[in-house]
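Data from entry-v2.txt: compact mmCIF, N, CA and C atoms
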```txt
# COMPACT_ATOMS: atom_id res chain seq x y z
N MET A 1 -15.84 -49.34 -23.18
CA MET A 1 -16.55 -48.78 -22.06
C MET A 1 -15.56 -48.36 -20.98
N ARG A 2 -15.77 -47.18 -20.49
CA ARG A 2 -14.86 -46.68 -19.47
C ARG A 2 -15.19 -47.23 -18.11
N THR A 3 -14.15 -47.42 -17.39
CA THR A 3 -14.36 -47.90 -16.03
C THR A 3 -14.42 -46.70 -15.10
N GLN A 4 -14.74 -46.98 -13.88
CA GLN A 4 -14.82 -45.94 -12.87
C GLN A 4 -13.46 -45.27 -12.67
N LEU A 5 -12.37 -46.02 -12.75
CA LEU A 5 -11.03 -45.48 -12.57
C LEU A 5 -10.67 -44.53 -13.71
N ASP A 6 -11.04 -44.85 -14.94
CA ASP A 6 -10.77 -43.97 -16.08
C ASP A 6 -11.52 -42.63 -15.92
N ARG A 7 -12.74 -42.69 -15.46
CA ARG A 7 -13.51 -41.47 -15.25
C ARG A 7 -12.87 -40.59 -14.19
N PHE A 8 -12.34 -41.23 -13.13
CA PHE A 8 -11.69 -40.48 -12.07
C PHE A 8 -10.44 -39.79 -12.60
N ARG A 9 -9.66 -40.47 -13.45
CA ARG A 9 -8.44 -39.88 -14.01
C ARG A 9 -8.77 -38.67 -14.90
N VAL A 10 -9.82 -38.78 -15.70
CA VAL A 10 -10.23 -37.67 -16.55
C VAL A 10 -10.68 -36.50 -15.69
N LEU A 11 -11.44 -36.78 -14.66
CA LEU A 11 -11.91 -35.74 -13.75
C LEU A 11 -10.73 -35.10 -13.01
N GLU A 12 -9.76 -35.91 -12.59
CA GLU A 12 -8.58 -35.40 -11.89
C GLU A 12 -7.77 -34.48 -12.81
N LEU A 13 -7.60 -34.86 -14.05
CA LEU A 13 -6.86 -34.05 -15.00
C LEU A 13 -7.59 -32.73 -15.24
N THR A 14 -8.89 -32.79 -15.36
CA THR A 14 -9.68 -31.59 -15.58
C THR A 14 -9.58 -30.66 -14.38
N MET A 15 -9.62 -31.18 -13.17
CA MET A 15 -9.49 -30.36 -11.97
C MET A 15 -8.11 -29.72 -11.90
N LYS A 16 -7.07 -30.46 -12.27
CA LYS A 16 -5.72 -29.89 -12.27
C LYS A 16 -5.63 -28.74 -13.28
N GLN A 17 -6.21 -28.93 -14.44
CA GLN A 17 -6.20 -27.88 -15.45
C GLN A 17 -6.96 -26.65 -14.95
N LEU A 18 -8.08 -26.88 -14.30
CA LEU A 18 -8.88 -25.79 -13.78
C LEU A 18 -8.10 -25.01 -12.71
N ILE A 19 -7.43 -25.73 -11.82
CA ILE A 19 -6.66 -25.07 -10.76
C ILE A 19 -5.51 -24.26 -11.36
N VAL A 20 -4.81 -24.82 -12.34
CA VAL A 20 -3.72 -24.09 -12.99
C VAL A 20 -4.25 -22.86 -13.70
N PHE A 21 -5.37 -23.00 -14.38
CA PHE A 21 -5.98 -21.86 -15.08
C PHE A 21 -6.38 -20.76 -14.11
N LEU A 22 -7.04 -21.12 -13.01
CA LEU A 22 -7.47 -20.12 -12.03
C LEU A 22 -6.27 -19.44 -11.36
N ALA A 23 -5.23 -20.20 -11.07
CA ALA A 23 -4.03 -19.61 -10.48
C ALA A 23 -3.38 -18.62 -11.44
N THR A 24 -3.36 -18.96 -12.73
CA THR A 24 -2.79 -18.05 -13.73
C THR A 24 -3.60 -16.77 -13.84
N VAL A 25 -4.92 -16.91 -13.87
CA VAL A 25 -5.80 -15.74 -13.95
C VAL A 25 -5.64 -14.85 -12.71
N LEU A 26 -5.59 -15.45 -11.54
CA LEU A 26 -5.41 -14.68 -10.31
C LEU A 26 -4.09 -13.95 -10.30
N ALA A 27 -3.04 -14.60 -10.73
CA ALA A 27 -1.72 -13.95 -10.76
C ALA A 27 -1.72 -12.78 -11.75
N ALA A 28 -2.37 -12.97 -12.89
CA ALA A 28 -2.42 -11.90 -13.89
C ALA A 28 -3.25 -10.72 -13.39
N LEU A 29 -4.35 -10.99 -12.73
CA LEU A 29 -5.21 -9.91 -12.23
C LEU A 29 -4.56 -9.15 -11.09
N SER A 30 -3.85 -9.82 -10.24
CA SER A 30 -3.23 -9.13 -9.11
C SER A 30 -2.12 -8.20 -9.57
N GLY A 31 -1.45 -8.53 -10.65
CA GLY A 31 -0.39 -7.67 -11.17
C GLY A 31 -0.89 -6.65 -12.18
N ALA A 32 -2.09 -6.84 -12.70
CA ALA A 32 -2.61 -5.97 -13.75
C ALA A 32 -3.27 -4.71 -13.22
N GLY A 33 -3.68 -4.69 -11.97
CA GLY A 33 -4.37 -3.53 -11.42
C GLY A 33 -3.44 -2.35 -11.28
N PRO A 34 -3.88 -1.14 -11.66
CA PRO A 34 -3.01 0.02 -11.56
C PRO A 34 -2.79 0.40 -10.10
N SER A 35 -1.59 0.81 -9.79
CA SER A 35 -1.31 1.25 -8.43
C SER A 35 -1.84 2.68 -8.27
N LEU A 36 -1.89 3.13 -7.04
CA LEU A 36 -2.41 4.47 -6.75
C LEU A 36 -1.55 5.55 -7.40
N ALA A 37 -0.25 5.28 -7.49
CA ALA A 37 0.64 6.27 -8.10
C ALA A 37 0.36 6.45 -9.59
N GLN A 38 -0.13 5.41 -10.25
CA GLN A 38 -0.42 5.50 -11.67
C GLN A 38 -1.76 6.16 -11.94
N GLU A 39 -2.62 6.23 -10.93
CA GLU A 39 -3.96 6.76 -11.14
C GLU A 39 -4.03 8.28 -11.08
N LYS A 40 -3.03 8.90 -10.51
CA LYS A 40 -3.05 10.35 -10.44
C LYS A 40 -1.66 10.92 -10.68
N THR A 41 -1.64 12.11 -11.23
CA THR A 41 -0.39 12.80 -11.51
C THR A 41 -0.47 14.19 -10.90
N PHE A 42 0.49 14.52 -10.07
CA PHE A 42 0.57 15.84 -9.47
C PHE A 42 1.68 16.62 -10.18
N GLN A 43 1.40 17.86 -10.51
CA GLN A 43 2.39 18.69 -11.17
C GLN A 43 2.42 20.04 -10.48
N ASN A 44 3.60 20.49 -10.07
CA ASN A 44 3.77 21.80 -9.45
C ASN A 44 4.15 22.81 -10.52
N PHE A 45 3.58 24.02 -10.43
CA PHE A 45 3.85 25.07 -11.40
C PHE A 45 4.28 26.34 -10.69
N VAL A 46 5.15 27.11 -11.35
CA VAL A 46 5.56 28.44 -10.89
C VAL A 46 5.30 29.39 -12.05
N CYS A 47 4.61 30.48 -11.77
CA CYS A 47 4.23 31.43 -12.83
C CYS A 47 5.14 32.66 -12.80
N ALA A 48 5.13 33.39 -13.91
CA ALA A 48 5.98 34.58 -14.05
C ALA A 48 5.64 35.66 -13.03
N ASP A 49 4.37 35.74 -12.60
CA ASP A 49 3.98 36.76 -11.62
C ASP A 49 4.19 36.31 -10.17
N GLY A 50 4.82 35.14 -9.99
CA GLY A 50 5.11 34.64 -8.65
C GLY A 50 4.09 33.67 -8.11
N ALA A 51 2.99 33.49 -8.79
CA ALA A 51 1.97 32.55 -8.33
C ALA A 51 2.50 31.12 -8.41
N ARG A 52 2.13 30.32 -7.44
CA ARG A 52 2.49 28.90 -7.42
C ARG A 52 1.22 28.10 -7.23
N PHE A 53 1.14 26.97 -7.92
CA PHE A 53 -0.01 26.11 -7.74
C PHE A 53 0.37 24.68 -8.06
N THR A 54 -0.44 23.77 -7.55
CA THR A 54 -0.28 22.35 -7.81
C THR A 54 -1.52 21.87 -8.54
N ALA A 55 -1.32 21.12 -9.61
CA ALA A 55 -2.43 20.57 -10.38
C ALA A 55 -2.42 19.05 -10.24
N ALA A 56 -3.58 18.48 -10.00
CA ALA A 56 -3.74 17.02 -9.90
C ALA A 56 -4.58 16.56 -11.08
N PHE A 57 -4.01 15.69 -11.88
CA PHE A 57 -4.70 15.10 -13.03
C PHE A 57 -5.02 13.67 -12.66
N LEU A 58 -6.29 13.33 -12.57
CA LEU A 58 -6.71 11.99 -12.18
C LEU A 58 -7.05 11.16 -13.41
N LYS A 59 -6.52 9.96 -13.46
CA LYS A 59 -6.73 9.10 -14.62
C LYS A 59 -8.20 8.70 -14.76
N TYR A 60 -8.88 8.49 -13.64
CA TYR A 60 -10.27 8.08 -13.70
C TYR A 60 -11.23 9.24 -13.97
N ASP A 61 -10.73 10.46 -13.92
CA ASP A 61 -11.56 11.65 -14.12
C ASP A 61 -10.85 12.62 -15.07
N PRO A 62 -10.74 12.26 -16.37
CA PRO A 62 -9.94 13.07 -17.30
C PRO A 62 -10.57 14.40 -17.70
N LYS A 63 -11.82 14.65 -17.33
CA LYS A 63 -12.48 15.89 -17.73
C LYS A 63 -12.36 17.00 -16.69
N GLN A 64 -11.54 16.77 -15.66
CA GLN A 64 -11.34 17.78 -14.63
C GLN A 64 -9.89 17.80 -14.20
N VAL A 65 -9.48 18.92 -13.68
CA VAL A 65 -8.18 19.04 -13.03
C VAL A 65 -8.42 19.72 -11.68
N TYR A 66 -7.69 19.28 -10.69
CA TYR A 66 -7.86 19.81 -9.35
C TYR A 66 -6.64 20.67 -9.03
N LEU A 67 -6.89 21.93 -8.67
CA LEU A 67 -5.81 22.86 -8.36
C LEU A 67 -5.79 23.18 -6.88
N GLN A 68 -4.60 23.38 -6.37
CA GLN A 68 -4.40 23.95 -5.04
C GLN A 68 -3.70 25.27 -5.29
N ILE A 69 -4.44 26.38 -5.16
CA ILE A 69 -3.90 27.70 -5.47
C ILE A 69 -4.38 28.69 -4.43
N ASP A 70 -3.50 29.55 -3.98
CA ASP A 70 -3.81 30.55 -2.94
C ASP A 70 -4.40 29.90 -1.69
N GLY A 71 -3.96 28.71 -1.35
CA GLY A 71 -4.45 28.03 -0.16
C GLY A 71 -5.83 27.44 -0.29
N LYS A 72 -6.38 27.44 -1.49
CA LYS A 72 -7.73 26.92 -1.72
C LYS A 72 -7.69 25.80 -2.75
N ALA A 73 -8.60 24.85 -2.59
CA ALA A 73 -8.75 23.78 -3.57
C ALA A 73 -9.83 24.19 -4.57
N VAL A 74 -9.50 24.11 -5.85
CA VAL A 74 -10.42 24.51 -6.90
C VAL A 74 -10.49 23.39 -7.94
N THR A 75 -11.70 23.08 -8.38
CA THR A 75 -11.88 22.10 -9.43
C THR A 75 -12.17 22.82 -10.74
N LEU A 76 -11.39 22.53 -11.76
CA LEU A 76 -11.58 23.14 -13.07
C LEU A 76 -12.07 22.07 -14.04
N ARG A 77 -13.10 22.41 -14.79
CA ARG A 77 -13.65 21.48 -15.77
C ARG A 77 -13.01 21.71 -17.13
N LYS A 78 -12.81 20.62 -17.85
CA LYS A 78 -12.20 20.71 -19.18
C LYS A 78 -13.19 21.33 -20.16
N ARG A 79 -12.70 22.25 -20.97
CA ARG A 79 -13.51 22.93 -21.99
C ARG A 79 -12.97 22.60 -23.36
N PHE A 80 -13.79 22.84 -24.36
CA PHE A 80 -13.41 22.56 -25.73
C PHE A 80 -12.32 23.52 -26.21
N THR A 81 -11.34 22.99 -26.90
CA THR A 81 -10.30 23.78 -27.52
C THR A 81 -9.77 23.00 -28.72
N LEU A 82 -9.31 23.71 -29.72
CA LEU A 82 -8.81 23.03 -30.91
C LEU A 82 -7.44 22.42 -30.69
N THR A 83 -6.60 23.07 -29.91
CA THR A 83 -5.28 22.53 -29.63
C THR A 83 -5.01 22.58 -28.13
N GLY A 84 -4.40 21.58 -27.61
CA GLY A 84 -4.05 21.54 -26.20
C GLY A 84 -5.24 21.26 -25.30
N SER A 85 -5.15 21.74 -24.07
CA SER A 85 -6.20 21.54 -23.07
C SER A 85 -6.50 22.86 -22.39
N ARG A 86 -7.79 23.09 -22.08
CA ARG A 86 -8.20 24.30 -21.37
C ARG A 86 -9.17 23.89 -20.29
N TYR A 87 -8.90 24.34 -19.07
CA TYR A 87 -9.73 24.04 -17.91
C TYR A 87 -10.17 25.35 -17.29
N THR A 88 -11.45 25.45 -16.88
CA THR A 88 -11.96 26.68 -16.28
C THR A 88 -12.83 26.38 -15.07
N GLY A 89 -12.90 27.37 -14.17
CA GLY A 89 -13.76 27.27 -12.99
C GLY A 89 -13.40 28.33 -11.98
N ARG A 90 -14.42 28.94 -11.34
CA ARG A 90 -14.25 29.94 -10.28
C ARG A 90 -13.32 31.08 -10.67
N GLY A 91 -13.45 31.55 -11.89
CA GLY A 91 -12.65 32.68 -12.34
C GLY A 91 -11.21 32.34 -12.68
N ILE A 92 -10.90 31.07 -12.76
CA ILE A 92 -9.54 30.62 -13.08
C ILE A 92 -9.59 29.85 -14.39
N THR A 93 -8.65 30.13 -15.29
CA THR A 93 -8.52 29.37 -16.53
C THR A 93 -7.09 28.88 -16.65
N LEU A 94 -6.94 27.60 -16.88
CA LEU A 94 -5.63 26.99 -17.08
C LEU A 94 -5.59 26.45 -18.51
N THR A 95 -4.66 26.98 -19.31
CA THR A 95 -4.52 26.56 -20.70
C THR A 95 -3.16 25.90 -20.86
N MET A 96 -3.17 24.69 -21.43
CA MET A 96 -1.93 23.95 -21.65
C MET A 96 -1.87 23.54 -23.11
N ASN A 97 -0.79 23.96 -23.81
CA ASN A 97 -0.61 23.56 -25.20
C ASN A 97 0.88 23.48 -25.50
N LYS A 98 1.23 23.34 -26.78
CA LYS A 98 2.64 23.21 -27.16
C LYS A 98 3.45 24.44 -26.78
N SER A 99 2.82 25.59 -26.79
CA SER A 99 3.52 26.84 -26.47
C SER A 99 3.89 26.94 -25.00
N GLY A 100 3.12 26.25 -24.15
CA GLY A 100 3.37 26.30 -22.71
C GLY A 100 2.08 26.31 -21.93
N THR A 101 2.19 26.69 -20.68
CA THR A 101 1.05 26.73 -19.77
C THR A 101 0.77 28.17 -19.39
N VAL A 102 -0.50 28.56 -19.48
CA VAL A 102 -0.92 29.92 -19.14
C VAL A 102 -2.01 29.85 -18.09
N LEU A 103 -1.88 30.66 -17.05
CA LEU A 103 -2.87 30.74 -15.98
C LEU A 103 -3.52 32.12 -16.02
N ARG A 104 -4.84 32.15 -16.07
CA ARG A 104 -5.60 33.39 -15.92
C ARG A 104 -6.33 33.27 -14.58
N HIS A 105 -5.96 34.13 -13.65
CA HIS A 105 -6.48 34.02 -12.30
C HIS A 105 -7.13 35.32 -11.89
N GLY A 106 -8.45 35.31 -11.83
CA GLY A 106 -9.17 36.52 -11.44
C GLY A 106 -8.96 37.63 -12.45
N LYS A 107 -8.69 38.83 -11.94
CA LYS A 107 -8.48 39.98 -12.81
C LYS A 107 -6.99 40.25 -13.06
N ARG A 108 -6.14 39.30 -12.71
CA ARG A 108 -4.70 39.48 -12.86
C ARG A 108 -4.25 39.42 -14.31
N GLY A 109 -5.02 38.80 -15.17
CA GLY A 109 -4.60 38.64 -16.56
C GLY A 109 -3.79 37.39 -16.75
N PRO A 110 -3.50 37.07 -17.98
CA PRO A 110 -2.77 35.82 -18.26
C PRO A 110 -1.30 35.91 -17.87
N THR A 111 -0.80 34.83 -17.32
CA THR A 111 0.62 34.76 -16.96
C THR A 111 1.16 33.39 -17.34
N ALA A 112 2.38 33.38 -17.88
CA ALA A 112 3.03 32.13 -18.29
C ALA A 112 3.53 31.37 -17.06
N CYS A 113 3.38 30.07 -17.09
CA CYS A 113 3.80 29.22 -15.98
C CYS A 113 4.66 28.08 -16.51
N THR A 114 5.54 27.61 -15.64
CA THR A 114 6.38 26.48 -16.00
C THR A 114 6.30 25.44 -14.88
N ALA A 115 6.44 24.19 -15.28
CA ALA A 115 6.43 23.09 -14.31
C ALA A 115 7.74 23.12 -13.52
N SER A 116 7.62 22.92 -12.22
CA SER A 116 8.84 22.94 -11.39
C SER A 116 9.11 21.57 -10.81
```
Just give me the structure as structure tokens.
Amino acid sequence: MRTQLDRFRVLELTMKQLIVFLATVLAALSGAGPSLAQEKTFQNFVCADGARFTAAFLKYDPKQVYLQIDGKAVTLRKRFTLTGSRYTGRGITLTMNKSGTVLRHGKRGPTACTAS
């Protein structure tokens, strides 16, 4: 039969284990969260026709890309393509594949772009 002191020791050991476990979980969670820099990627592009734009790829929103082009912010939605990625919106199409990046902007026609 256990005495009151034995029960207290078992309870004390269990509390110590619980505290160590919670401290470990808290430490892991505080280091596991993605930083703001990891959640978004900004890429600057320069095109053959002189156009410049910045594209923001957000990790939490992979079906869209946000462009800053001609002083305006434009959201392009991802469209189906067999290879690479294609985003369209407001008369702008951004195509990215192994061959490179192509921007179709208004009636200007397609132009090759490179990351700067």
For each of A:Asp61, A:Gln43, A:Val102, A:Arg90, take the minimum atom-to-atom distance to Thr75 of chain A, counting only N, CA and C atoms, then give the residue where this is smallest.
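Counting only N, CA and C atoms, the residue closest to Thr75 of chain A is A:Arg90.
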In Å to one decimal, how far is atom N of Ala48 of chain A from atom CA of Ala112 of chain A?
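Between these atoms lies a distance of 5.0 Å.
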Given the point (-6.7, 33.1, -11.2) in the file's coordinates, find the residues that have an atom at most 6 Å from it, counting all atoms listed in the file, and give them as a list in words.
Gly91, Ile92, Thr93, Leu103, Arg104, His105 and Gly106 of chain A
Neighbouring residues of Thr81 of chain A were defined as those with any atom within 12 Å, considering only C-alpha atoms; residues of the same chain fewer than 4 positions away were excluded. Please report them as a PyMOL selection string.
chain A and resi 85-88+94-97
May I have the residues within 8 Å of Gly89 of chain A as a ChimeraX atom specification, using only C-alpha atoms and disregarding those fewer than 5 positions away in the same chain?
/A:74-77
I'd like to know which of A:Arg52, A:Cys47, A:Lys40, A:Gly84 is closest to Ile69 of chain A, using only C-alpha atoms.
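That would be A:Arg52, the residue with the smallest distance to Ile69 of chain A.
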From the list A:Glu39, A:Arg79, A:Lys72, A:Asn44, which residue is nearest Lys59 of chain A when using all atoms listed in the file?
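The closest residue to Lys59 of chain A is A:Glu39.
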Can you measure atom N of Lys98 of chain A to atom CA of Ala73 of chain A for me? One decimal in Å is fine.
25.3 Å
Work out where the centre of an axis-aligned box around every listed atom of segment 88-107 of chain A lies and how long its edges are once 5 Å is added on each side; give both in Å to one decimal as AutoDock Vina command-line options.
```
--center_x -5.3 --center_y 31.7 --center_z -18.7 --size_x 28.3 --size_y 27.0 --size_z 26.9
```
With all atoms listed in the file as the atoms that count, which of A:Thr114, A:Leu58, A:Gln64, A:Lys78 lies nearest to Thr101 of chain A?
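Using all atoms listed in the file, the shortest distance to Thr101 of chain A belongs to A:Thr114.
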Tell me which of A:Thr83, A:Val46, A:Phe53, A:Gly100 sits closest to Gly71 of chain A, counting only N, CA and C atoms.
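Nearest to Gly71 of chain A: A:Phe53.
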Atom C of Thr54 of chain A and atom C of Tyr66 of chain A, how far apart in Å?
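These two atoms are separated by 5.3 Å.
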